[in-house]
Every structure is written in structure tokens, then in C-alpha cells.
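Worksheet: one structure, shown below.
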Amino acid sequence: MRRAAALASALVLAGCFRSGVQLAPLPPEARRAGLTQSDYILRRSLALGAFDSVVALVAPGSSLAPDDDLLASLYRASAAYYAGRYEVSGAALEHASILADDRFTKSVSKNLLALVTNDNRLPYEPGQTERLMINYYGMLDYLRRGDPEGAAVEARRLSSLLESYDTRKDSVDVRTRALLNYLAGATFEAAGEKNDADVSYRIARALVGESALPFPGRAGAKPATRGQPATPLKAPSSSAGKGAKAVAPPTPTGELIVVVEHGYVAHRVPRLVLVPITSTEMEKLGGKPQETLEAALTITVRTVAFMALQPNQLLWRDDDDDREVTVRDTATIAYLLPVAWTSFQRPYRLPWRVSLTVDSTLSTSVPVAADLSDAVANDFRRSRAGMLTRGIARAAAKLALAKTAESAAEKKHGEFAGSLTRWTLDAVNVYTERADIRQWRLLPGEISVVRLTLPAGQHSLTLDLGGGGSVQRRITLGPTRISAGKIAFATARVWDDGVVDIRPTPALVAVPTATAHEKR
């Protein structure tokens, strides 16, 4: 009944978008969290289990599908994967991978376009973490199809990317890199490629140590707690005492790896950075081209240096702070240059207290292995110098044009006309500054992994969420078959993140209003 209601609600939303009907406004909690209308609809639909409807919502031509082909492919891949359409998701991931590799080398002409408009006009380029997650989902996609050899191909691509990226142990995204190496190793192991598995496991151990992930062969570990790996659970072996005439054969066992995704990755929200300009720089802007370029370069170098010395500056958005952010220095400020910017909003969620239960008897806690929000924020740190350079150059060019137009209007029509022209152009420049908040916003915020040794045969798996006074909730993963001497995989996604309530609310109701293309 609940699934039918979810499907109906999502289909209503999809129809509303196609017909141009205006939706009810975002609820306050979603607005405070910086979610877009698209975010809210997709999150509610996913939380309600309307996976097939989400596939329709992000299909080519749908209003919820991103404009950029690469990003649209990532959204289609996520929707199809969780809907169980693995052939479709695999094709979308492959298309996204080809586009991402093709866009790695940037075009000068495309960057020049961003200088006169905004970064949204540039083709979307995924950060390192998003690029790695393409192959992560490629691995899981093949594993869900029961094709470990195909998954090993994706694991090899993933390993190659990881090798080419920065993997310093002091990096804030080191846990994500370690987890991806670990899962690549487990995939190699499942495909029978032991040497490649050993290499991936060795890299993961070097990054985070032996105890951070459930590496193979760790029998006898203590019960798992948050931040520690799950305990391998083995079937008891039978042994004969003295005088016994026969020894019962050991129960055949296999291994189970459970990957649990939860929440959503921190999402970008638009900001406006006000960069200070000194009197000398203000005089040069709008003068000779060489002087304008020199002033823009000086402003850029100073601001980039300011952010380099404070790596977390302008990175995270405070939950209750919607004010403009100002970069200040000790120089005399003659003007504040508006530059479009983005910061990250980390979704609020309850403390992660989850346990995995096998056959209603064996239970182990599910630790957090990787935080993708830290990883994507680190990618942003790597790219923000270029973003800031383009933003300042664009804003400085607009200011120079506004000053030139002001001077021409003042000479021709007087001081009032000049001031009016300048005020109008300043307003237009602020309005046209659009922050680039594009990202793969359907990625999980955290990933957990559990590894168990179980008797061969079929087992039922459930996730129990809650504890410590919080609301209890049970998610059934379904039956999983364990083959003797083999590795089986199970995956799950916990959708609610503390921002979007999964219970039906009036916010799903569409409010019909006439639009420009509708007949009255």
C-alpha cells in the first residue's frame, strides 16, 4: 500500500513538471538546508521507494534531468541502479565515464566563455571523488548482476584512477580512498584474481591501518563498535573428544560483504563573496587594458593567498547564516567586488547507530567507513583557486565596463545620468553572477562495510536502525545465498537524512497555476 502511494505521489510530481504546473513551496527545513526543488522531489521519491518513478523524473527531456549530458547520465545511473535496472545504469555509467575522460583536458575557448558569463556555461567536470564513484557503482552494478568478472574490470579501472590521484595519508579524504581500494580488493578476490586483491588490500592498509576496515583473515575480533570493523562470524566447527569414533566434517562456509550507504553527500549552496578592492586598484579598473588586467591580477593573487592560508574559509555554510561572506584585509577598502561562490551544506542526520542481523540470531554493529562529504569538500579545495580566478576576472571586467559606461554617460548627459548608469550596471552584474552548484547530488554521505563468515546456504539479513532513545526502524535486505569458499555481496541504502521527512505531507500536493504557455 505504501509503495503504491509513493509511486502515485512521484508520478503526480513528474506530471506536474511536464505540464508546467507550479509546485507547492519548499518546506522550511528543506529551504534552510539549501535544497533545490529538484533535490526535494527526488529525495522524497527515493525515501518513499518510488524508484521507477525517479527513473522517469530524470529521463532525457524531463524537467528534473540536469542540462549537462554528463551530469544527467550520473543522475540516470543512480536512479536506474536503485530501481534494479542494472543494464540501464551500467550504460549510463559508461557514457558518463567516457564524457568525464574526454572533458579532463579543458578547452581555452570554454574557459573564456565562463569569463564573460559564469561557470555554469562550462561543461560539467566531476571532481576526483565523483569520478571514482562512477567506477564504484560500476563494480556494484556488475556484482548485483552476478558478474564478478565484469565487476573486476571496473575494479581495475578504479584502481588505476586511485593510483593516479593524490593518496596522502594526511588527506581528509583518505578514508574514502581506503574504502574504495578495499572494495576493489574484495571484487578482485570474488573474481579469483588474488594478486590484484592483495595489492588493493595492501594499499588500503597502508592508508588507514589494519583495524579500520574488515580485512580478510581477521577471525576472533571483538564485537564491533562505531569506528571499528565488524566481527567476522564463523560457523562453529565440530571436533571430536577423546575416544570418539568419528569426527563430523566442518560446516562449509563462505564470506559475505555488506555495503551500506546512508544519507546524502554535502551539497553545494550559492553564496556571494564580497572581495575588497583598494583605492589604487579601483582607479586602474576601467582605465587602460593593461592597468585593468594588472589590477585584476593583484586582487586575484591576494584573495587566493588569503584562502590558501585558511583552507576551510568559505568552504562550509553555517546552518543559520544566510548573510553574504566578505573577504577582508588590512588595506583601505574602496569597493566590495561581488563574486559568485558556493559553499557546502552538510545535511543534518541523527547519530549512526545501526546493526546488521543475520537469521535473527547473529548481530554485529555497522561502523562508518568513509565520509564522502569530506572527500567532495577536499575536491573543491583543489579546484577553487581556478574558480576564484575566473570569478574575480569576470567581476572585474564587468566593473570596468560599468565604470567606462558611467564615464561616457556622465560626459554626455551629466552626473545623474552617469550615476544611474553605474547603479543599473552594478545591479545587473550582481544579478547575473550565478554560483555553480552543479554536482552529483544523489551520492550517499557515508558508506559502511561489514564482512562476515557464514555457513553456506541461504540467510536473511536485516538492518536495525536506532538505539539510545532514538526511533527504531528495521530494513530488510532480503535473502542472500552464501556459497562455500566464495564471496557474496549485499548492498543497502538508508535514504532519510534528517532533512526530508519520509512521511506523506501536504508539501507533495501540487498547486495549479496558469503559466505563459497554458490556455486560460
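All residue names refer to the C-alpha cells as shown: chains lettered A, B, ... in order, residues numbered from 1 in each chain, ligands numbered from 1 in order.
Residues surrounding Ser200 of chain A within 8 Å are Ser159, Asn181, Tyr182, Ala184, Gly185, Asp196, Ala197, Asp198, Arg202, Ile203 and Ala204 of chain A [only C-alpha atoms; sequence separation below 2 positions excluded].
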Notebook entry, point to check: Which neighbours of segment 275-285 of chain A fall inside 9 Å, counting only C-alpha atoms, when residues of the same chain fewer than 5 positions from it are skipped, and could you give them as number ranges by chain?
Noted result: A: 290-296, 298-299, 303, 326-329, 331-339, 392, 396-397, 399-401, 403
Checklist line | Every residue of segment 348-408 of chain A that DSSP places in alpha helix (DSSP H), as number ranges by chain | finding: A: 372-408
Once you count only C-alpha atoms, what closest atom pair and distance in Å to one decimal does each residue of segment 36-59 of chain A within 7 Å of segment 67-82 of chain A have, with rows by chain and rising residue number, as a tab-separated table?
```
residue	atom	partner	partner_atom	distance
A:Phe51	CA	A:Tyr82	CA	6.4
A:Val54	CA	A:Ala79	CA	5.9
A:Val55	CA	A:Ala79	CA	5.1
A:Val58	CA	A:Arg76	CA	6.0
A:Ala59	CA	A:Arg76	CA	6.6
```
Write out as CSV the residues of segment 118-204 of chain A that have any atom within 12 Å of an atom of segment 491-494 of chain A, one row each with the nearest atom pair and its distance in Å to one decimal, counting only C-alpha atoms, sorted by chain and then rising number.
```
residue,atom,partner,partner_atom,distance
A:Tyr137,CA,A:Thr491,CA,11.1
A:Met139,CA,A:Thr491,CA,11.8
A:Leu140,CA,A:Thr491,CA,8.2
A:Asp141,CA,A:Thr491,CA,10.4
A:Leu143,CA,A:Thr491,CA,9.9
A:Arg144,CA,A:Thr491,CA,8.6
```
Checklist line | Minimum-distance residue to Gln128 of chain A, chosen among A:Val368, A:Leu161, A:Val273, A:Ala305 (using only C-alpha atoms) | finding: A:Leu161
Next item on the list: Between atom CA of Asp147 of chain A and atom CA of Thr187 of chain A, measure the distance and give it in Å to one decimal.
Entry: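 Those two atoms sit 10.3 Å apart.
Minimum distance to Ala47 of chain A across A:Ala190, A:Ala490, A:Leu388, A:Leu442 (counting only C-alpha atoms) occurs at A:Leu442.
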Item checked: Interatomic distance, atom CA of Thr361 of chain A to atom CA of Gly146 of chain A (Å, one decimal) ->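 Distance between the two atoms: 27.0 Å.
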Next item on the list: Would you please extract all strand (DSSP E) residues from segment 298-422 of chain A, as assigned by DSSP on the backbone, and give them as an NGL selection string?
Entry: :A and (325-326 or 335-345 or 354-358 or 362-365 or 370-371)
Grab the residues selected above and save them as a PDB file, in the first residue's frame with C-alpha atoms.
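What landed in out29.pdb:
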```
ATOM      1  CA  VAL A 325      30.518  36.427   3.224  1.00  0.00           C
ATOM      2  CA  THR A 326      33.175  39.127   2.975  1.00  0.00           C
ATOM      3  CA  TYR A 335      34.812  48.851  -3.147  1.00  0.00           C
ATOM      4  CA  LEU A 336      33.470  45.355  -2.490  1.00  0.00           C
ATOM      5  CA  LEU A 337      33.561  43.289  -5.663  1.00  0.00           C
ATOM      6  CA  PRO A 338      30.676  40.741  -5.802  1.00  0.00           C
ATOM      7  CA  VAL A 339      31.871  37.286  -6.882  1.00  0.00           C
ATOM      8  CA  ALA A 340      29.570  34.259  -7.179  1.00  0.00           C
ATOM      9  CA  TRP A 341      30.685  31.428  -4.920  1.00  0.00           C
ATOM     10  CA  THR A 342      29.493  28.144  -3.467  1.00  0.00           C
ATOM     11  CA  SER A 343      29.829  26.618  -0.033  1.00  0.00           C
ATOM     12  CA  PHE A 344      28.935  23.130   1.162  1.00  0.00           C
ATOM     13  CA  GLN A 345      25.974  22.341   3.381  1.00  0.00           C
ATOM     14  CA  VAL A 354      22.929   0.550  13.115  1.00  0.00           C
ATOM     15  CA  SER A 355      23.399  -3.175  13.482  1.00  0.00           C
ATOM     16  CA  LEU A 356      23.228  -5.989  10.948  1.00  0.00           C
ATOM     17  CA  THR A 357      21.284  -9.097  11.968  1.00  0.00           C
ATOM     18  CA  VAL A 358      21.705 -12.444  10.205  1.00  0.00           C
ATOM     19  CA  LEU A 362      23.793 -13.200  14.766  1.00  0.00           C
ATOM     20  CA  SER A 363      24.162  -9.434  15.129  1.00  0.00           C
ATOM     21  CA  THR A 364      27.056  -7.020  14.632  1.00  0.00           C
ATOM     22  CA  SER A 365      27.266  -3.246  14.560  1.00  0.00           C
ATOM     23  CA  ALA A 370      34.059   6.624   4.790  1.00  0.00           C
ATOM     24  CA  ASP A 371      32.598  10.141   4.741  1.00  0.00           C
TER      25      ASP A 371
END
```
Could you list, as an mmCIF file with N, CA and C atoms, in the first residue's frame, every residue within 9 Å of segment 254-262 of chain A, counting only C-alpha atoms and ignoring same-chain residues fewer than 5 positions away?
```cif
data_model
loop_
_atom_site.group_PDB
_atom_site.id
_atom_site.type_symbol
_atom_site.label_atom_id
_atom_site.label_comp_id
_atom_site.auth_asym_id
_atom_site.auth_seq_id
_atom_site.Cartn_x
_atom_site.Cartn_y
_atom_site.Cartn_z
ATOM 1 N N ALA A 186 38.177 -6.607 -2.635
ATOM 2 C CA ALA A 186 37.158 -7.632 -2.412
ATOM 3 C C ALA A 186 36.568 -8.100 -3.742
ATOM 4 N N PRO A 232 34.064 -10.797 12.173
ATOM 5 C CA PRO A 232 33.768 -11.930 11.312
ATOM 6 C C PRO A 232 33.053 -13.000 12.122
ATOM 7 N N LEU A 356 23.628 -5.022 11.963
ATOM 8 C CA LEU A 356 23.228 -5.989 10.948
ATOM 9 C C LEU A 356 22.898 -7.307 11.646
ATOM 10 N N VAL A 366 27.331 -1.831 12.612
ATOM 11 C CA VAL A 366 27.760 -1.398 11.286
ATOM 12 C C VAL A 366 28.497 -0.077 11.442
ATOM 13 N N LEU A 443 24.604 11.162 -4.501
ATOM 14 C CA LEU A 443 25.587 10.304 -3.839
ATOM 15 C C LEU A 443 25.286 10.196 -2.347
ATOM 16 N N PRO A 444 25.633 9.074 -1.725
ATOM 17 C CA PRO A 444 25.447 8.949 -0.270
ATOM 18 C C PRO A 444 26.435 9.825 0.482
ATOM 19 N N GLY A 445 26.107 10.114 1.734
ATOM 20 C CA GLY A 445 27.010 10.898 2.564
ATOM 21 C C GLY A 445 28.068 10.053 3.231
ATOM 22 N N GLU A 446 27.697 8.840 3.612
ATOM 23 C CA GLU A 446 28.612 7.939 4.298
ATOM 24 C C GLU A 446 28.435 6.529 3.744
ATOM 25 N N ILE A 447 29.483 5.734 3.852
ATOM 26 C CA ILE A 447 29.434 4.340 3.413
ATOM 27 C C ILE A 447 30.017 3.466 4.522
ATOM 28 N N SER A 448 29.325 2.387 4.809
ATOM 29 C CA SER A 448 29.782 1.409 5.789
ATOM 30 C C SER A 448 30.004 0.070 5.095
ATOM 31 N N VAL A 449 30.866 -0.741 5.668
ATOM 32 C CA VAL A 449 31.101 -2.068 5.109
ATOM 33 C C VAL A 449 31.285 -3.067 6.253
ATOM 34 N N VAL A 450 30.655 -4.215 6.104
ATOM 35 C CA VAL A 450 30.740 -5.295 7.084
ATOM 36 C C VAL A 450 31.136 -6.562 6.347
ATOM 37 N N ARG A 451 32.011 -7.360 6.969
ATOM 38 C CA ARG A 451 32.445 -8.630 6.357
ATOM 39 C C ARG A 451 32.216 -9.752 7.364
ATOM 40 N N LEU A 452 31.482 -10.781 6.943
ATOM 41 C CA LEU A 452 31.117 -11.885 7.813
ATOM 42 C C LEU A 452 31.472 -13.213 7.161
ATOM 43 N N THR A 453 31.823 -14.186 7.970
ATOM 44 C CA THR A 453 31.979 -15.559 7.525
ATOM 45 C C THR A 453 30.778 -16.340 8.016
ATOM 46 N N LEU A 454 30.048 -16.966 7.093
ATOM 47 C CA LEU A 454 28.781 -17.605 7.421
ATOM 48 C C LEU A 454 28.722 -19.009 6.827
ATOM 49 N N PRO A 455 27.883 -19.861 7.405
ATOM 50 C CA PRO A 455 27.688 -21.193 6.816
ATOM 51 C C PRO A 455 27.102 -21.073 5.412
ATOM 52 N N ALA A 456 27.500 -21.973 4.529
ATOM 53 C CA ALA A 456 26.938 -21.975 3.187
ATOM 54 C C ALA A 456 25.436 -22.196 3.254
ATOM 55 N N GLY A 457 24.726 -21.563 2.350
ATOM 56 C CA GLY A 457 23.278 -21.661 2.342
ATOM 57 C C GLY A 457 22.647 -20.286 2.271
ATOM 58 N N THR A 480 19.987 -13.843 1.101
ATOM 59 C CA THR A 480 21.290 -13.845 0.432
ATOM 60 C C THR A 480 21.859 -15.245 0.503
ATOM 61 N N ILE A 482 24.916 -17.873 0.356
ATOM 62 C CA ILE A 482 26.355 -17.985 0.568
ATOM 63 C C ILE A 482 26.817 -19.313 -0.007
ATOM 64 N N SER A 483 27.802 -19.265 -0.904
ATOM 65 C CA SER A 483 28.380 -20.482 -1.482
ATOM 66 C C SER A 483 29.690 -20.791 -0.782
ATOM 67 N N ALA A 484 29.962 -22.059 -0.595
ATOM 68 C CA ALA A 484 31.168 -22.484 0.115
ATOM 69 C C ALA A 484 32.414 -21.970 -0.601
ATOM 70 N N GLY A 485 33.293 -21.310 0.172
ATOM 71 C CA GLY A 485 34.548 -20.817 -0.374
ATOM 72 C C GLY A 485 34.430 -19.612 -1.275
ATOM 73 N N LYS A 486 33.237 -19.014 -1.387
ATOM 74 C CA LYS A 486 33.009 -17.867 -2.259
ATOM 75 C C LYS A 486 32.675 -16.617 -1.446
ATOM 76 N N ILE A 487 32.701 -15.457 -2.120
ATOM 77 C CA ILE A 487 32.325 -14.188 -1.504
ATOM 78 C C ILE A 487 31.017 -13.721 -2.129
ATOM 79 N N ALA A 488 30.042 -13.427 -1.295
ATOM 80 C CA ALA A 488 28.776 -12.853 -1.744
ATOM 81 C C ALA A 488 28.711 -11.395 -1.308
ATOM 82 N N PHE A 489 27.960 -10.607 -2.030
ATOM 83 C CA PHE A 489 27.822 -9.180 -1.730
ATOM 84 C C PHE A 489 26.351 -8.838 -1.537
ATOM 85 N N ALA A 490 26.084 -7.964 -0.584
ATOM 86 C CA ALA A 490 24.755 -7.409 -0.380
ATOM 87 C C ALA A 490 24.908 -5.899 -0.202
ATOM 88 N N THR A 491 23.971 -5.131 -0.715
ATOM 89 C CA THR A 491 24.039 -3.670 -0.621
ATOM 90 C C THR A 491 22.717 -3.125 -0.116
ATOM 91 N N ALA A 492 22.779 -1.957 0.517
ATOM 92 C CA ALA A 492 21.572 -1.289 1.013
ATOM 93 C C ALA A 492 21.826 0.202 1.044
ATOM 94 N N ARG A 493 20.742 0.973 0.967
ATOM 95 C CA ARG A 493 20.821 2.437 1.078
ATOM 96 C C ARG A 493 19.774 2.902 2.078
ATOM 97 N N VAL A 494 20.218 3.658 3.073
ATOM 98 C CA VAL A 494 19.314 4.276 4.044
ATOM 99 C C VAL A 494 19.095 5.702 3.576
ATOM 100 N N TRP A 495 17.877 6.017 3.150
ATOM 101 C CA TRP A 495 17.633 7.258 2.432
ATOM 102 C C TRP A 495 17.440 8.470 3.326
ATOM 103 N N ASP A 496 16.746 8.353 4.433
ATOM 104 C CA ASP A 496 16.434 9.551 5.215
ATOM 105 C C ASP A 496 17.707 10.135 5.820
ATOM 106 N N ASP A 497 17.765 11.472 5.837
ATOM 107 C CA ASP A 497 18.979 12.151 6.276
ATOM 108 C C ASP A 497 18.724 13.230 7.320
#
```
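Closest approach to Arg346 of chain A among A:Leu179, A:Ala408, A:Ala402, A:Leu315 is made by A:Leu315 (distances from only C-alpha atoms).
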Margin query: Would you compute the distance between atom CA of Phe215 of chain A and atom CA of Ala377 of chain A? Give it in Å to one decimal.
Written below: 27.5 Å
Item checked: 12 Å contact set for Leu162 of chain A, only C-alpha atoms, chain neighbours under 4 positions out, as a PyMOL selection string -> chain A and resi 128-129+131-133+135-136+155-158+166-168+173-174+176-182+184+200+203-204
